[in-house]
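To start, the structure itself, in structure tokens.
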Amino acid sequence: MPSTPHPTSELVPGAPRHVAIIMDGNGRWATQRGRPRLFGHHAGAKRVREIVEACPGFGVEYLTIFAFSTENWKRTQVEVAGLMSLFRRYITKEMKALKAEGVRVRFIGDRVRLDDKLIRLMNDLEQETEINTRVHLTIALNYGGRDEVARATRRLAQDVAAGKLEPADVDEETLPRYLDTCVLPDPDLVIRTSGEARISNFLLWQSAYAEYEFIDTLWPDFSKQEFGRLCASFGVRDRRFGAVSR
Ligand code: FPP
């Protein structure tokens, strides 16, 4: 293993341009403290701000975070309702700071199952921050990689049926234009916290050549320092994209 340079507040050499994070472990963090799971989600939401703020210092331009999956509806009604309420509060509370800090926020995922108030807040936050370019924060909410590919394929099929696209023109360049992430670069580094080594339906198409880091830290304990170490470690990886080292 190559040694990992110590992170500094300077730009990390060879930093990942786009980092995607599966923020796992909120429930266990709360249980360890004898508190309800939602307590962990609230602590997790606080971590988001520190990590977003750290991005420019580490040279990370795009950060994508997994806030709620298409499978998370299987949780108890109390937890789902609590998370939806947390998302509404987060947007209301953070809008001003995100705007002032130059963060452009986008949401990916299927909005149809979300409540009207949350959808309005999501639209507002996207519009209010659309001129920002310092950090591109994408929040995956009611997102599933398979669902995204299915929705993209449906729209693509509609274009074929309408004569706007020839079946022979459907290739690796065409399909991603129909994905929720069509304006984003592919992630370079995917981090999952909490010791689980799986990708749970996150950015399946986009992460084909991403580097992965599965770390034991529970999301509410994830720090700017650890984020910096992972970015620095990425900088010394040999990414070959199927070719051989030069
Ligand atoms: C997974 O941990 C976490 C979630 C399903 C929710 C992620 C949400 C946040 C970090 C909070 C807020 C985010 C925003 C954008 C405001 P888990 O509950 O599955 O943890 P466990 O595996 O320990 O049970």
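Residues in the structure tokens are named by chain (A, B, ... in the order shown) and by number from 1 within that chain; ligands are numbered from 1 in the order shown.
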Got a sec to check which residues lie within 6 Å of ligand 1, using only C-alpha atoms and all ligand atoms, and send them as a list in words?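 Counting only C-alpha atoms and all ligand atoms, the residues within 6 Å of ligand 1 come out as Met23, Asp24, Gly25, Asn26, Gly27, Arg28, His41, Gly44, Ala45, Ala67, Phe68, Phe87 and Tyr90 of chain A.
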From region 16-127 of chain A, collect each residue whose DSSP state is alpha helix (DSSP H) and return the set as a PyMOL selection string. chain A and resi 26-32+37-58+77-100+116-127
Dump as CSV the rows for residues of region 29-56 of chain A within 10 Å of region 135-138 of chain A: closest atom pair and distance in Å with one decimal, only C-alpha atoms counted, ordered by chain and rising residue number.
residue,atom,partner,partner_atom,distance
A:Val52,CA,A:Leu137,CA,7.5
A:Glu53,CA,A:Val135,CA,8.5
A:Ala54,CA,A:Val135,CA,9.8
A:Cys55,CA,A:Val135,CA,7.0
A:Pro56,CA,A:Val135,CA,6.8
Calculate how many Å separate CA of Lys46 (chain A) from CA of Ser223 (chain A), rounding to one decimal. 11.0 Å
Shortest contact to Asn72 (chain A), candidates A:Ala15, A:Leu141, A:Ala232, A:Leu121, atoms counted only C-alpha atoms, goes to A:Leu141
Strand (DSSP E) positions in region 64-216 of chain A, given as a compact mmCIF listing (two decimals) with C-alpha atoms, in the first residue's frame:
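Written out: part28.txt:
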# COMPACT_ATOMS: atom_id res chain seq x y z
CA THR A 64 -23.10 13.59 -3.69
CA ILE A 65 -24.73 12.21 -0.54
CA PHE A 66 -27.22 9.38 -0.11
CA ALA A 67 -29.96 10.74 2.17
CA PHE A 68 -32.87 8.37 1.50
CA SER A 69 -33.09 5.34 -0.75
CA VAL A 103 -22.91 25.78 -2.71
CA ARG A 104 -25.10 24.73 -5.61
CA VAL A 105 -27.61 22.14 -4.48
CA ARG A 106 -29.31 19.58 -6.70
CA PHE A 107 -31.54 16.65 -5.83
CA ILE A 108 -31.58 13.30 -7.58
CA VAL A 135 -19.23 23.28 -4.44
CA HIS A 136 -21.84 21.17 -6.24
CA LEU A 137 -23.82 19.32 -3.58
CA THR A 138 -26.18 16.64 -4.84
CA ILE A 139 -28.61 15.08 -2.38
CA ALA A 140 -30.00 11.68 -3.35
CA LEU A 141 -33.53 11.55 -1.94
CA ASN A 142 -35.88 8.69 -2.75
CA TYR A 143 -33.04 7.56 -4.97
CA LEU A 189 -14.39 8.17 -5.00
CA VAL A 190 -17.30 6.51 -3.19
CA ILE A 191 -17.09 6.39 0.61
CA ARG A 192 -19.33 4.24 2.81
CA GLU A 211 -12.56 3.97 -6.27
CA TYR A 212 -14.23 2.73 -3.06
CA GLU A 213 -13.46 3.34 0.61
CA PHE A 214 -15.38 1.34 3.21
Nearby residues (only C-alpha atoms) at most 9 Å from Thr181 (chain A), same-chain spacing under 2 positions excluded, as an mmCIF file with N, CA, C and O atoms, in the first residue's frame:
data_model
loop_
_atom_site.group_PDB
_atom_site.id
_atom_site.type_symbol
_atom_site.label_atom_id
_atom_site.label_comp_id
_atom_site.auth_asym_id
_atom_site.auth_seq_id
_atom_site.Cartn_x
_atom_site.Cartn_y
_atom_site.Cartn_z
ATOM 1 N N ILE A 108 -31.333 14.379 -6.626
ATOM 2 C CA ILE A 108 -31.581 13.300 -7.579
ATOM 3 C C ILE A 108 -32.489 12.281 -6.902
ATOM 4 O O ILE A 108 -32.553 12.210 -5.669
ATOM 5 N N THR A 138 -25.017 17.360 -4.331
ATOM 6 C CA THR A 138 -26.184 16.642 -4.839
ATOM 7 C C THR A 138 -26.707 15.740 -3.734
ATOM 8 O O THR A 138 -25.949 14.962 -3.147
ATOM 9 N N PRO A 176 -26.605 7.859 -20.404
ATOM 10 C CA PRO A 176 -26.425 8.722 -19.229
ATOM 11 C C PRO A 176 -27.073 10.094 -19.361
ATOM 12 O O PRO A 176 -27.313 10.770 -18.359
ATOM 13 N N ARG A 177 -27.383 10.516 -20.580
ATOM 14 C CA ARG A 177 -28.052 11.817 -20.741
ATOM 15 C C ARG A 177 -29.469 11.779 -20.182
ATOM 16 O O ARG A 177 -30.083 12.804 -19.958
ATOM 17 N N TYR A 178 -29.987 10.579 -19.961
ATOM 18 C CA TYR A 178 -31.349 10.433 -19.429
ATOM 19 C C TYR A 178 -31.334 10.173 -17.918
ATOM 20 O O TYR A 178 -32.384 10.092 -17.299
ATOM 21 N N LEU A 179 -30.145 10.013 -17.342
ATOM 22 C CA LEU A 179 -30.056 9.754 -15.899
ATOM 23 C C LEU A 179 -30.263 11.055 -15.112
ATOM 24 O O LEU A 179 -30.054 12.147 -15.645
ATOM 25 N N VAL A 183 -26.001 16.055 -15.610
ATOM 26 C CA VAL A 183 -25.099 17.217 -15.672
ATOM 27 C C VAL A 183 -23.859 17.038 -14.782
ATOM 28 O O VAL A 183 -23.027 17.944 -14.690
ATOM 29 N N LEU A 184 -23.743 15.902 -14.127
ATOM 30 C CA LEU A 184 -22.629 15.699 -13.183
ATOM 31 C C LEU A 184 -21.557 14.794 -13.781
ATOM 32 O O LEU A 184 -21.875 13.878 -14.537
ATOM 33 N N PRO A 185 -20.281 15.033 -13.394
ATOM 34 C CA PRO A 185 -19.258 14.053 -13.775
ATOM 35 C C PRO A 185 -19.460 12.768 -12.962
ATOM 36 O O PRO A 185 -20.110 12.807 -11.911
ATOM 37 N N ASP A 186 -18.914 11.668 -13.424
ATOM 38 C CA ASP A 186 -19.007 10.423 -12.638
ATOM 39 C C ASP A 186 -18.224 10.577 -11.334
ATOM 40 O O ASP A 186 -17.214 11.283 -11.301
ATOM 41 N N LEU A 203 -25.771 4.991 -7.229
ATOM 42 C CA LEU A 203 -25.022 5.422 -8.414
ATOM 43 C C LEU A 203 -24.424 4.239 -9.186
ATOM 44 O O LEU A 203 -23.219 4.224 -9.476
ATOM 45 N N GLN A 206 -23.011 5.191 -12.686
ATOM 46 C CA GLN A 206 -21.998 6.246 -12.621
ATOM 47 C C GLN A 206 -20.707 5.797 -11.942
ATOM 48 O O GLN A 206 -19.647 6.368 -12.169
#
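Nearest residue to Ile131 (chain A) among A:Gly102, A:Gly40, A:Gly109, A:Gly59 is A:Gly102, counting only C-alpha atoms.
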Interatomic distance (Å, one decimal) between CA of Cys231 (chain A) and CA of Thr193 (chain A):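 It comes out at 14.5 Å.
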Which residues, written as an mmCIF file with all heavy atoms, in the first residue's frame, have at least one atom at most 8 Å from Ile91 (chain A), with only C-alpha atoms counted and residues fewer than 2 positions away on the same chain left out?
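Just written: out-v3.cif:
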data_model
loop_
_atom_site.group_PDB
_atom_site.id
_atom_site.type_symbol
_atom_site.label_atom_id
_atom_site.label_comp_id
_atom_site.auth_asym_id
_atom_site.auth_seq_id
_atom_site.Cartn_x
_atom_site.Cartn_y
_atom_site.Cartn_z
ATOM 1 N N PHE A 87 -35.585 16.382 6.637
ATOM 2 C CA PHE A 87 -35.187 16.963 5.351
ATOM 3 C C PHE A 87 -35.822 18.337 5.162
ATOM 4 O O PHE A 87 -35.166 19.270 4.708
ATOM 5 C CB PHE A 87 -35.568 16.041 4.173
ATOM 6 C CG PHE A 87 -34.906 14.682 4.225
ATOM 7 C CD1 PHE A 87 -35.599 13.524 3.888
ATOM 8 C CD2 PHE A 87 -33.582 14.558 4.628
ATOM 9 C CE1 PHE A 87 -34.994 12.278 3.955
ATOM 10 C CE2 PHE A 87 -32.960 13.309 4.693
ATOM 11 C CZ PHE A 87 -33.666 12.172 4.368
ATOM 12 N N ARG A 88 -37.112 18.466 5.542
ATOM 13 C CA ARG A 88 -37.784 19.773 5.397
ATOM 14 C C ARG A 88 -37.086 20.817 6.275
ATOM 15 O O ARG A 88 -36.795 21.928 5.843
ATOM 16 C CB ARG A 88 -39.267 19.666 5.788
ATOM 17 C CG ARG A 88 -40.126 18.917 4.761
ATOM 18 C CD ARG A 88 -41.610 19.086 5.065
ATOM 19 N NE ARG A 88 -41.993 18.507 6.342
ATOM 20 C CZ ARG A 88 -42.436 17.250 6.524
ATOM 21 N NH1 ARG A 88 -42.574 16.447 5.485
ATOM 22 N NH2 ARG A 88 -42.747 16.810 7.725
ATOM 23 N N ARG A 89 -36.795 20.417 7.520
ATOM 24 C CA ARG A 89 -36.138 21.356 8.444
ATOM 25 C C ARG A 89 -34.744 21.723 7.977
ATOM 26 O O ARG A 89 -34.304 22.858 8.086
ATOM 27 C CB ARG A 89 -36.070 20.747 9.842
ATOM 28 C CG ARG A 89 -37.375 20.929 10.587
ATOM 29 C CD ARG A 89 -37.388 20.237 11.906
ATOM 30 N NE ARG A 89 -36.239 20.548 12.745
ATOM 31 C CZ ARG A 89 -36.032 20.001 13.930
ATOM 32 N NH1 ARG A 89 -36.886 19.105 14.403
ATOM 33 N NH2 ARG A 89 -34.982 20.310 14.653
ATOM 34 N N LYS A 93 -33.535 25.445 7.245
ATOM 35 C CA LYS A 93 -32.504 25.989 8.127
ATOM 36 C C LYS A 93 -31.198 26.318 7.389
ATOM 37 O O LYS A 93 -30.526 27.292 7.702
ATOM 38 C CB LYS A 93 -32.221 24.951 9.224
ATOM 39 C CG LYS A 93 -31.907 25.546 10.567
ATOM 40 C CD LYS A 93 -31.911 24.476 11.634
ATOM 41 C CE LYS A 93 -30.609 24.469 12.392
ATOM 42 N NZ LYS A 93 -29.700 23.410 12.205
ATOM 43 N N GLU A 94 -30.848 25.483 6.428
ATOM 44 C CA GLU A 94 -29.526 25.621 5.798
ATOM 45 C C GLU A 94 -29.512 26.473 4.534
ATOM 46 O O GLU A 94 -28.444 26.810 4.032
ATOM 47 C CB GLU A 94 -28.971 24.225 5.451
ATOM 48 C CG GLU A 94 -28.697 23.340 6.636
ATOM 49 C CD GLU A 94 -27.481 23.776 7.452
ATOM 50 O OE1 GLU A 94 -26.411 24.019 6.871
ATOM 51 O OE2 GLU A 94 -27.626 23.888 8.692
ATOM 52 N N MET A 95 -30.704 26.806 4.017
ATOM 53 C CA MET A 95 -30.780 27.511 2.726
ATOM 54 C C MET A 95 -29.851 28.735 2.668
ATOM 55 O O MET A 95 -29.074 28.890 1.729
ATOM 56 C CB MET A 95 -32.235 27.926 2.473
ATOM 57 C CG MET A 95 -32.443 28.816 1.287
ATOM 58 S SD MET A 95 -33.300 28.058 -0.073
ATOM 59 C CE MET A 95 -34.888 27.589 0.524
ATOM 60 N N LEU A 121 -39.830 22.828 -1.218
ATOM 61 C CA LEU A 121 -38.574 23.280 -0.592
ATOM 62 C C LEU A 121 -37.362 22.854 -1.428
ATOM 63 O O LEU A 121 -36.400 23.615 -1.587
ATOM 64 C CB LEU A 121 -38.464 22.702 0.821
ATOM 65 C CG LEU A 121 -39.372 23.330 1.884
ATOM 66 C CD1 LEU A 121 -39.428 22.466 3.137
ATOM 67 C CD2 LEU A 121 -38.870 24.733 2.251
ATOM 68 N N MET A 122 -37.424 21.635 -1.967
ATOM 69 C CA MET A 122 -36.317 21.146 -2.807
ATOM 70 C C MET A 122 -36.175 22.038 -4.049
ATOM 71 O O MET A 122 -35.059 22.441 -4.409
ATOM 72 C CB MET A 122 -36.571 19.685 -3.221
ATOM 73 C CG MET A 122 -36.446 18.700 -2.069
ATOM 74 S SD MET A 122 -37.301 17.127 -2.379
ATOM 75 C CE MET A 122 -36.319 16.402 -3.667
ATOM 76 N N LEU A 125 -34.691 25.408 -3.030
ATOM 77 C CA LEU A 125 -33.249 25.351 -2.741
ATOM 78 C C LEU A 125 -32.448 25.233 -4.040
ATOM 79 O O LEU A 125 -31.406 25.881 -4.195
ATOM 80 C CB LEU A 125 -32.949 24.166 -1.799
ATOM 81 C CG LEU A 125 -31.517 24.025 -1.306
ATOM 82 C CD1 LEU A 125 -31.038 25.284 -0.569
ATOM 83 C CD2 LEU A 125 -31.364 22.813 -0.370
#
Interatomic distance, CA of Thr76 (chain A) to CA of Val149 (chain A) (Å, one decimal):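 Pair CA of Thr76 (chain A) / CA of Val149 (chain A) returns 26.9 Å.
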